[in-house]
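The structure file entry.txt is reproduced below (compact mmCIF, C-alpha atoms and all ligand atoms).
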# COMPACT_ATOMS: atom_id res chain seq x y z
CA MET Y 803 110.32 53.01 111.23
CA ASP Y 804 108.36 55.94 112.66
CA THR Y 805 109.79 59.45 112.83
CA ILE Y 806 110.70 59.35 116.54
CA ALA Y 807 112.47 55.97 116.18
CA LEU Y 808 114.38 57.32 113.17
CA TYR Y 809 115.38 60.44 115.12
CA ARG Y 810 116.82 58.23 117.90
CA THR Y 811 119.42 56.85 115.45
CA THR Y 812 122.69 58.69 114.80
CA VAL Y 813 121.85 58.91 111.09
CA GLY Y 814 118.44 60.41 111.96
CA LYS Y 815 120.03 63.12 114.12
CA LYS Y 816 122.58 63.91 111.40
CA ALA Y 817 119.75 64.21 108.87
CA VAL Y 818 117.96 66.66 111.20
CA MET Y 819 121.20 68.69 111.50
CA ALA Y 820 121.55 68.77 107.72
CA VAL Y 821 117.94 69.72 106.94
CA THR Y 822 117.67 72.41 109.64
CA GLY Y 823 121.15 73.67 108.69
CA ALA Y 824 120.04 73.97 105.06
CA VAL Y 825 116.93 75.97 106.06
CA LEU Y 826 119.04 78.29 108.26
CA LEU Y 827 121.57 78.70 105.45
CA LEU Y 828 118.76 79.61 103.04
CA TYR Y 829 117.61 82.29 105.51
CA VAL Y 830 121.17 83.61 105.83
CA VAL Y 831 121.58 83.88 102.04
CA VAL Y 832 118.20 85.64 101.59
CA HIS Y 833 119.04 88.00 104.50
CA MET Y 834 122.45 88.76 102.97
CA LEU Y 835 120.86 89.56 99.59
CA GLY Y 836 118.25 91.73 101.35
CA ASN Y 837 121.05 93.67 103.09
CA LEU Y 838 122.61 94.44 99.71
CA THR Y 839 119.56 96.58 98.82
CA ILE Y 840 121.27 99.24 100.99
CA PHE Y 841 123.47 99.88 97.91
CA SER Y 842 120.40 100.88 95.85
CA GLY Y 843 120.17 104.28 97.48
CA PRO Y 844 118.70 105.88 100.61
CA GLY Y 845 115.33 104.38 101.49
CA ALA Y 846 115.79 101.20 99.44
CA ILE Y 847 116.40 98.91 102.43
CA ASP Y 848 113.59 100.62 104.39
CA GLY Y 849 111.23 99.92 101.49
CA TYR Y 850 112.39 96.30 101.35
CA GLY Y 851 111.71 95.91 105.11
CA ARG Y 852 108.24 97.48 104.73
CA TRP Y 853 107.46 95.15 101.86
CA LEU Y 854 108.47 92.09 103.95
CA ARG Y 855 106.04 93.16 106.68
CA GLU Y 856 103.24 93.91 104.22
CA VAL Y 857 103.41 90.51 102.51
CA GLY Y 858 103.27 88.87 105.95
CA VAL Y 859 106.40 86.71 105.82
CA VAL Y 860 107.99 88.04 109.00
CA TRP Y 861 106.22 85.95 111.66
CA PRO Y 862 106.07 82.65 109.74
CA THR Y 863 109.84 83.08 109.11
CA ARG Y 864 110.49 83.73 112.80
CA VAL Y 865 108.60 80.59 113.84
CA ALA Y 866 110.42 78.45 111.24
CA LEU Y 867 113.80 79.87 112.38
CA LEU Y 868 113.05 79.17 116.04
CA VAL Y 869 112.06 75.56 115.31
CA CYS Y 870 115.17 75.01 113.14
CA VAL Y 871 117.55 76.59 115.66
CA ALA Y 872 116.07 74.48 118.49
CA LEU Y 873 116.31 71.21 116.52
CA HIS Y 874 119.80 72.04 115.15
CA PHE Y 875 121.05 72.70 118.69
CA LEU Y 876 119.31 69.64 120.21
CA ALA Y 877 120.67 67.23 117.58
CA ALA Y 878 124.18 68.73 117.89
CA TYR Y 879 124.09 68.38 121.67
CA GLN Y 880 122.85 64.79 121.54
CA LEU Y 881 125.36 63.75 118.86
CA THR Y 882 128.22 65.25 120.90
CA ALA Y 883 127.04 63.49 124.07
CA ARG Y 884 126.72 60.20 122.17
CA ALA Y 885 130.22 60.48 120.64
CA ARG Y 886 131.65 61.34 124.04
CA ARG Y 887 129.99 58.29 125.65
CA ALA Y 888 131.22 56.00 122.88
CA ARG Y 889 134.78 57.32 123.14
CA GLY Y 890 134.66 57.09 126.92
CA ARG Y 891 133.86 53.41 126.64
CA TYR Y 892 136.64 52.49 124.21
CA GLU Y 893 139.38 55.08 124.55
CA HIS Y 894 139.60 55.85 128.23
CA ARG Y 895 142.68 57.99 128.03
CA ARG Y 896 141.83 59.95 124.87
CA ARG Y 897 140.76 63.59 124.96
CA VAL Y 898 136.97 63.73 124.84
CA GLN Y 899 136.50 67.15 123.21
CA GLY Y 900 136.70 65.81 119.67
CA GLY Y 901 138.83 67.02 116.78
CA TYR Y 902 139.56 70.49 115.42
CA ALA Y 903 136.43 70.56 113.25
CA ALA Y 904 134.10 69.48 116.07
CA ARG Y 905 135.55 72.10 118.43
CA THR Y 906 135.36 74.83 115.75
CA MET Y 907 131.73 73.96 115.06
CA ARG Y 908 130.81 74.00 118.74
CA TRP Y 909 132.50 77.31 119.54
CA GLY Y 910 131.35 78.80 116.24
CA GLY Y 911 127.78 77.84 117.11
CA VAL Y 912 128.07 79.50 120.53
CA ILE Y 913 129.50 82.73 119.02
CA ILE Y 914 126.73 82.82 116.37
CA ALA Y 915 124.01 82.23 119.00
CA LEU Y 916 125.37 85.03 121.24
CA PHE Y 917 125.65 87.33 118.20
CA VAL Y 918 122.03 86.68 117.18
CA VAL Y 919 120.82 87.73 120.66
CA TYR Y 920 122.89 90.96 120.46
CA HIS Y 921 121.82 91.50 116.82
CA LEU Y 922 118.10 91.23 117.69
CA LEU Y 923 118.50 93.73 120.56
CA ASP Y 924 120.45 96.01 118.20
CA LEU Y 925 118.62 96.03 114.87
CA THR Y 926 115.25 94.35 115.52
CA ALA Y 927 114.33 95.78 118.96
CA GLY Y 928 116.59 98.84 118.50
CA TRP Y 929 117.46 98.97 122.24
CA LEU Y 930 121.24 98.73 121.71
CA ASN Y 931 121.27 100.81 118.52
CA PRO Y 932 122.58 104.42 118.55
CA ASN Y 933 119.56 105.44 116.38
CA GLY Y 934 117.13 102.63 117.21
CA VAL Y 935 113.98 103.87 115.44
CA PRO Y 936 111.74 101.01 114.19
CA GLY Y 937 111.46 101.04 110.38
CA GLU Y 938 114.47 103.37 109.92
CA ILE Y 939 116.62 100.43 108.84
CA HIS Y 940 119.09 102.46 106.74
CA ALA Y 941 119.68 105.00 109.53
CA ASN Y 942 119.96 102.26 112.18
CA VAL Y 943 122.56 100.31 110.16
CA VAL Y 944 124.62 103.44 109.39
CA ALA Y 945 124.48 104.58 113.05
CA ASP Y 946 125.80 101.14 114.09
CA PHE Y 947 128.80 100.96 111.78
CA ARG Y 948 130.04 104.45 112.63
CA HIS Y 949 131.49 102.76 115.74
CA TRP Y 950 134.58 100.61 115.21
CA TYR Y 951 133.66 98.26 118.08
CA VAL Y 952 130.29 97.47 116.47
CA VAL Y 953 132.05 96.78 113.15
CA LEU Y 954 134.46 94.49 115.03
CA ALA Y 955 131.63 92.59 116.78
CA TYR Y 956 129.82 92.06 113.46
CA ALA Y 957 133.03 91.05 111.66
CA VAL Y 958 133.88 88.41 114.30
CA ALA Y 959 130.35 86.97 114.10
CA VAL Y 960 130.32 86.93 110.29
CA LEU Y 961 133.72 85.16 110.20
CA ALA Y 962 132.50 82.60 112.76
CA LEU Y 963 129.46 82.06 110.53
CA GLY Y 964 131.79 81.62 107.54
CA PHE Y 965 133.78 78.85 109.25
CA HIS Y 966 130.56 77.20 110.43
CA VAL Y 967 129.05 77.26 106.94
CA ARG Y 968 132.28 76.04 105.34
CA HIS Y 969 132.42 72.96 107.51
CA GLY Y 970 128.64 72.35 107.56
CA VAL Y 971 128.25 72.56 103.79
CA TRP Y 972 131.38 70.47 103.22
CA SER Y 973 130.21 67.81 105.64
CA ALA Y 974 126.65 67.64 104.25
CA THR Y 975 127.68 67.58 100.57
CA ARG Y 976 130.39 64.98 101.28
CA THR Y 977 127.73 62.71 102.86
CA LEU Y 978 125.74 63.06 99.63
CA GLY Y 979 128.84 61.91 97.71
CA VAL Y 980 129.56 65.23 95.97
CA ALA Y 981 133.19 65.11 94.78
CA THR Y 982 133.76 68.89 94.98
CA SER Y 983 132.33 69.22 98.51
CA ARG Y 984 135.37 71.09 99.86
CA VAL Y 985 135.22 73.73 97.11
CA ILE Y 986 131.44 74.13 97.55
CA GLY Y 987 131.85 74.63 101.32
CA LEU Y 988 134.63 77.18 100.88
CA GLY Y 989 132.74 78.97 98.07
CA ALA Y 990 129.56 79.28 100.16
CA ALA Y 991 131.55 80.65 103.11
CA VAL Y 992 133.42 83.23 100.99
CA VAL Y 993 130.22 84.50 99.32
CA ILE Y 994 128.41 84.84 102.66
CA CYS Y 995 131.33 86.59 104.38
CA ALA Y 996 131.87 89.00 101.48
CA GLY Y 997 128.14 89.78 101.20
CA PHE Y 998 127.62 90.51 104.89
CA LEU Y 999 130.94 92.35 105.43
CA SER Y 1000 130.34 94.63 102.43
CA VAL Y 1001 127.73 96.61 104.42
CA PRO Y 1002 129.87 97.66 107.43
CA PHE Y 1003 132.79 98.19 105.00
CA ALA Y 1004 130.66 100.54 102.86
CA VAL Y 1005 129.60 102.56 105.91
CA VAL Y 1006 133.16 102.78 107.32
CA THR Y 1007 134.51 104.01 103.97
CA GLY Y 1008 131.66 106.49 103.46
CA LEU Y 1009 130.26 104.70 100.39
CA VAL Y 1010 126.95 104.42 102.22
CA SER Y 1011 125.92 107.17 104.63
C1 LIG Y 1101 126.61 93.01 108.53
C2 LIG Y 1101 125.80 92.05 108.81
C3 LIG Y 1101 124.32 92.20 109.07
C4 LIG Y 1101 123.49 93.30 108.91
C5 LIG Y 1101 123.82 94.70 108.39
C6 LIG Y 1101 122.17 92.88 109.30
C7 LIG Y 1101 121.03 93.68 109.30
C8 LIG Y 1101 119.82 93.37 109.88
C9 LIG Y 1101 118.73 94.29 110.10
C10 LIG Y 1101 118.73 95.75 109.65
C11 LIG Y 1101 117.73 93.61 110.73
C12 LIG Y 1101 116.39 94.18 111.25
C13 LIG Y 1101 115.35 94.31 110.22
C14 LIG Y 1101 114.11 94.91 110.83
O1 LIG Y 1101 113.54 94.30 111.76
O2 LIG Y 1101 113.70 95.99 110.45
C15 LIG Y 1101 118.19 92.25 110.93
C16 LIG Y 1101 117.46 91.24 111.52
C17 LIG Y 1101 117.90 89.95 111.68
N1 LIG Y 1101 119.12 89.43 111.30
FE1 LIG Y 1101 120.65 90.48 110.48
N2 LIG Y 1101 122.21 91.56 109.69
C18 LIG Y 1101 123.51 91.11 109.56
C19 LIG Y 1101 123.99 89.84 109.85
C20 LIG Y 1101 123.20 88.80 110.28
C21 LIG Y 1101 123.69 87.46 110.47
C22 LIG Y 1101 125.12 86.99 110.21
C23 LIG Y 1101 122.62 86.70 110.91
C24 LIG Y 1101 122.53 85.25 111.28
C25 LIG Y 1101 123.49 84.53 111.78
C26 LIG Y 1101 121.48 87.60 111.03
C27 LIG Y 1101 120.23 87.23 111.46
C28 LIG Y 1101 119.16 88.10 111.65
C29 LIG Y 1101 117.89 87.72 112.26
C30 LIG Y 1101 117.52 86.33 112.77
C31 LIG Y 1101 117.10 88.88 112.27
C32 LIG Y 1101 115.69 89.03 112.83
C33 LIG Y 1101 114.65 89.03 111.74
C34 LIG Y 1101 113.30 89.23 112.38
O3 LIG Y 1101 112.96 90.36 112.70
O4 LIG Y 1101 112.60 88.25 112.57
N3 LIG Y 1101 121.88 88.84 110.61
N4 LIG Y 1101 119.46 92.13 110.40

Kindly return the structure encoded in the file as structure tokens.
Amino acid sequence: MDTIALYRTTVGKKAVMAVTGAVLLLYVVVHMLGNLTIFSGPGAIDGYGRWLREVGVVWPTRVALLVCVALHFLAAYQLTARARRARGRYEHRRRVQGGYAARTMRWGGVIIALFVVYHLLDLTAGWLNPNGVPGEIHANVVADFRHWYVVLAYAVAVLALGFHVRHGVWSATRTLGVATSRVIGLGAAVVICAGFLSVPFAVVTGLVS
């Protein structure tokens, strides 16, 4: 079967969701670890950012992320439409929105997508940042989290990401037959939430300034 024919099957679309989800998750984990360099003193995270630009990984990463986000969204949309059509045919009077998990994933995905747009305007472009100087990553992050409403926006997005990762990792590892899939999903979500939330928490409490 060629690649396009395989993609047309439900299993093919689920495989695309899993593979692109795994790549996005890898990015999220590396980004979270990168953010933790802020705890290594003033200038550490700025140096890390400079190094990323110097080694030339920024643009290839952006292209890979764009492709993965587009495919992840497309496969999700097509799988939802397919499930809805199938249910419509056999269960005329049933609700068509799907179960709790499906709804959580859909709304979680929307919140994460909206957050990423805001986040890029805030910390990549600097337009929505109170400091907003390119390359001054430490100062930009600290300027952000001095405002409670920015902390709140980031916390909501990180928690939405946590739920999304919990279900996604659980679902993918369960398909692979891993017995502890629930624990792995929950563990991944807790680590990611704790890692990301530690930065605004450190700024709010004055640990990082
Ligand atoms: C407290 C949480 C977070 C902090 C402090 C943070 C910090 C940053 C900073 C400082 C940058 C800009 C780096 C630079 O261009 O100089 C950035 C870029 C980015 N962040 Fe985050 N981030 C957080 C959460 C997230 C989350 C949850 C996601 C994904 C869902 C995410 C995805 C991205 C992306 C896609 C970029 C753009 C990278 C590029 O320039 O190509 N971030 N982040």

Can you tell me which residues sit at most 8 Å away from ligand LIG 1101 (chain Y), counting only C-alpha atoms and all ligand atoms, written as an NGL selection string?
:Y and (830 or 833-834 or 837 or 848 or 851 or 860-861 or 863-864 or 867 or 914-915 or 917-918 or 921-922 or 925-927 or 936-940 or 942-943 or 956-957 or 959-960 or 963 or 998-1002)

Could you check which residues have any atom within 6 Å of (122.2, 73.1, 121.0), counting all atoms listed in the file with coordinates taken straight from the file, and then list them as a ChimeraX atom specification?
/Y:875-876,878-879

Considering all atoms listed in the file, can you say which of Y:Tyr920, Y:Phe965, Y:Phe947, Y:Tyr902 comes closest to Ala1004 of chain Y?
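For Ala1004 of chain Y, the nearest of the given residues is Y:Phe947.
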
Taking 4 positions as the minimum chain separation for residues in the same chain, which residues sit within 12 Å of segment 971-975 of chain Y when counting only C-alpha atoms? Answer as an MDAnalysis selection string.
chainID Y and resid 816:824 826:828 903:904 907 963:967 979:991

Under the rule that only C-alpha atoms are counted, which of Y:Gly997, Y:Gly1008, Y:Gly910, Y:Pro862 is the nearest residue to Leu835 of chain Y?
Y:Gly997

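Considering the residues Y:Val1010, Y:Ala883, Y:Ala846, Y:Ile994 and counting all atoms listed in the file, Ala945 of chain Y has its shortest atom-to-atom contact with Y:Val1010.
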
Pick out the residues sitting within 9 Å of Gly814 of chain Y, and hand them over as number ranges by chain; count all atoms listed in the file, and ignore anything fewer than 6 positions along from it in its own chain.
Y: 805, 807-808

Would you compute the distance between atom CA of Gly934 of chain Y and atom CA of Val825 of chain Y? Give it in Å to one decimal.
28.9 Å

What gap, in Å, lies between atom CA of Pro932 of chain Y and atom CA of Val944 of chain Y?
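Computing it gives 9.4 Å between the two atoms.
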
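We find atom CA of Gly911 of chain Y and atom CA of His969 of chain Y to be spaced 11.7 Å apart.
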
Reconstructed N, CA and C atoms for segment 951-980 of chain Y, given as a JSON list (two decimals), keeping the file's coordinate frame:
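So rebuild.json came out as:
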[["chain", "number", "residue", "atom", "x", "y", "z"],
["Y", 951, "TYR", "N", 133.86, 99.46, 117.27],
["Y", 951, "TYR", "CA", 133.66, 98.26, 118.08],
["Y", 951, "TYR", "C", 132.42, 97.47, 117.61],
["Y", 952, "VAL", "N", 131.44, 98.18, 117.03],
["Y", 952, "VAL", "CA", 130.29, 97.47, 116.47],
["Y", 952, "VAL", "C", 130.71, 96.73, 115.20],
["Y", 953, "VAL", "N", 131.53, 97.42, 114.38],
["Y", 953, "VAL", "CA", 132.05, 96.78, 113.15],
["Y", 953, "VAL", "C", 132.82, 95.52, 113.54],
["Y", 954, "LEU", "N", 133.65, 95.64, 114.58],
["Y", 954, "LEU", "CA", 134.46, 94.49, 115.03],
["Y", 954, "LEU", "C", 133.56, 93.33, 115.48],
["Y", 955, "ALA", "N", 132.53, 93.64, 116.28],
["Y", 955, "ALA", "CA", 131.63, 92.59, 116.78],
["Y", 955, "ALA", "C", 130.95, 91.88, 115.61],
["Y", 956, "TYR", "N", 130.49, 92.65, 114.61],
["Y", 956, "TYR", "CA", 129.82, 92.06, 113.46],
["Y", 956, "TYR", "C", 130.81, 91.24, 112.63],
["Y", 957, "ALA", "N", 132.04, 91.76, 112.48],
["Y", 957, "ALA", "CA", 133.03, 91.05, 111.66],
["Y", 957, "ALA", "C", 133.39, 89.70, 112.29],
["Y", 958, "VAL", "N", 133.56, 89.68, 113.61],
["Y", 958, "VAL", "CA", 133.88, 88.41, 114.30],
["Y", 958, "VAL", "C", 132.75, 87.40, 114.09],
["Y", 959, "ALA", "N", 131.50, 87.87, 114.25],
["Y", 959, "ALA", "CA", 130.35, 86.97, 114.10],
["Y", 959, "ALA", "C", 130.24, 86.45, 112.67],
["Y", 960, "VAL", "N", 130.44, 87.33, 111.69],
["Y", 960, "VAL", "CA", 130.32, 86.93, 110.29],
["Y", 960, "VAL", "C", 131.43, 85.91, 109.93],
["Y", 961, "LEU", "N", 132.64, 86.13, 110.47],
["Y", 961, "LEU", "CA", 133.72, 85.16, 110.20],
["Y", 961, "LEU", "C", 133.43, 83.82, 110.86],
["Y", 962, "ALA", "N", 132.88, 83.85, 112.09],
["Y", 962, "ALA", "CA", 132.50, 82.60, 112.76],
["Y", 962, "ALA", "C", 131.45, 81.88, 111.92],
["Y", 963, "LEU", "N", 130.50, 82.65, 111.39],
["Y", 963, "LEU", "CA", 129.46, 82.06, 110.53],
["Y", 963, "LEU", "C", 130.08, 81.44, 109.28],
["Y", 964, "GLY", "N", 131.09, 82.14, 108.73],
["Y", 964, "GLY", "CA", 131.79, 81.62, 107.54],
["Y", 964, "GLY", "C", 132.43, 80.27, 107.80],
["Y", 965, "PHE", "N", 133.15, 80.14, 108.91],
["Y", 965, "PHE", "CA", 133.78, 78.85, 109.25],
["Y", 965, "PHE", "C", 132.72, 77.76, 109.45],
["Y", 966, "HIS", "N", 131.64, 78.15, 110.14],
["Y", 966, "HIS", "CA", 130.56, 77.20, 110.43],
["Y", 966, "HIS", "C", 129.93, 76.69, 109.13],
["Y", 967, "VAL", "N", 129.67, 77.62, 108.22],
["Y", 967, "VAL", "CA", 129.05, 77.26, 106.94],
["Y", 967, "VAL", "C", 130.02, 76.42, 106.11],
["Y", 968, "ARG", "N", 131.30, 76.80, 106.12],
["Y", 968, "ARG", "CA", 132.28, 76.04, 105.34],
["Y", 968, "ARG", "C", 132.27, 74.58, 105.76],
["Y", 969, "HIS", "N", 132.37, 74.35, 107.06],
["Y", 969, "HIS", "CA", 132.42, 72.96, 107.51],
["Y", 969, "HIS", "C", 131.07, 72.26, 107.33],
["Y", 970, "GLY", "N", 129.98, 72.95, 107.66],
["Y", 970, "GLY", "CA", 128.64, 72.35, 107.56],
["Y", 970, "GLY", "C", 128.31, 71.94, 106.13],
["Y", 971, "VAL", "N", 128.57, 72.85, 105.19],
["Y", 971, "VAL", "CA", 128.25, 72.56, 103.79],
["Y", 971, "VAL", "C", 129.17, 71.46, 103.26],
["Y", 972, "TRP", "N", 130.43, 71.51, 103.64],
["Y", 972, "TRP", "CA", 131.38, 70.47, 103.22],
["Y", 972, "TRP", "C", 130.91, 69.11, 103.72],
["Y", 973, "SER", "N", 130.59, 69.06, 105.01],
["Y", 973, "SER", "CA", 130.21, 67.81, 105.64],
["Y", 973, "SER", "C", 128.93, 67.24, 105.02],
["Y", 974, "ALA", "N", 127.93, 68.11, 104.79],
["Y", 974, "ALA", "CA", 126.65, 67.64, 104.25],
["Y", 974, "ALA", "C", 126.80, 67.19, 102.79],
["Y", 975, "THR", "N", 127.54, 67.96, 101.99],
["Y", 975, "THR", "CA", 127.68, 67.58, 100.57],
["Y", 975, "THR", "C", 128.57, 66.34, 100.42],
["Y", 976, "ARG", "N", 129.53, 66.17, 101.33],
["Y", 976, "ARG", "CA", 130.39, 64.98, 101.28],
["Y", 976, "ARG", "C", 129.54, 63.73, 101.56],
["Y", 977, "THR", "N", 128.63, 63.84, 102.54],
["Y", 977, "THR", "CA", 127.73, 62.71, 102.86],
["Y", 977, "THR", "C", 126.92, 62.33, 101.63],
["Y", 978, "LEU", "N", 126.54, 63.34, 100.84],
["Y", 978, "LEU", "CA", 125.74, 63.06, 99.63],
["Y", 978, "LEU", "C", 126.62, 62.55, 98.48],
["Y", 979, "GLY", "N", 127.94, 62.47, 98.71],
["Y", 979, "GLY", "CA", 128.84, 61.91, 97.71],
["Y", 979, "GLY", "C", 129.30, 62.90, 96.65],
["Y", 980, "VAL", "N", 129.13, 64.22, 96.95],
["Y", 980, "VAL", "CA", 129.56, 65.23, 95.97],
["Y", 980, "VAL", "C", 131.10, 65.32, 95.99]]
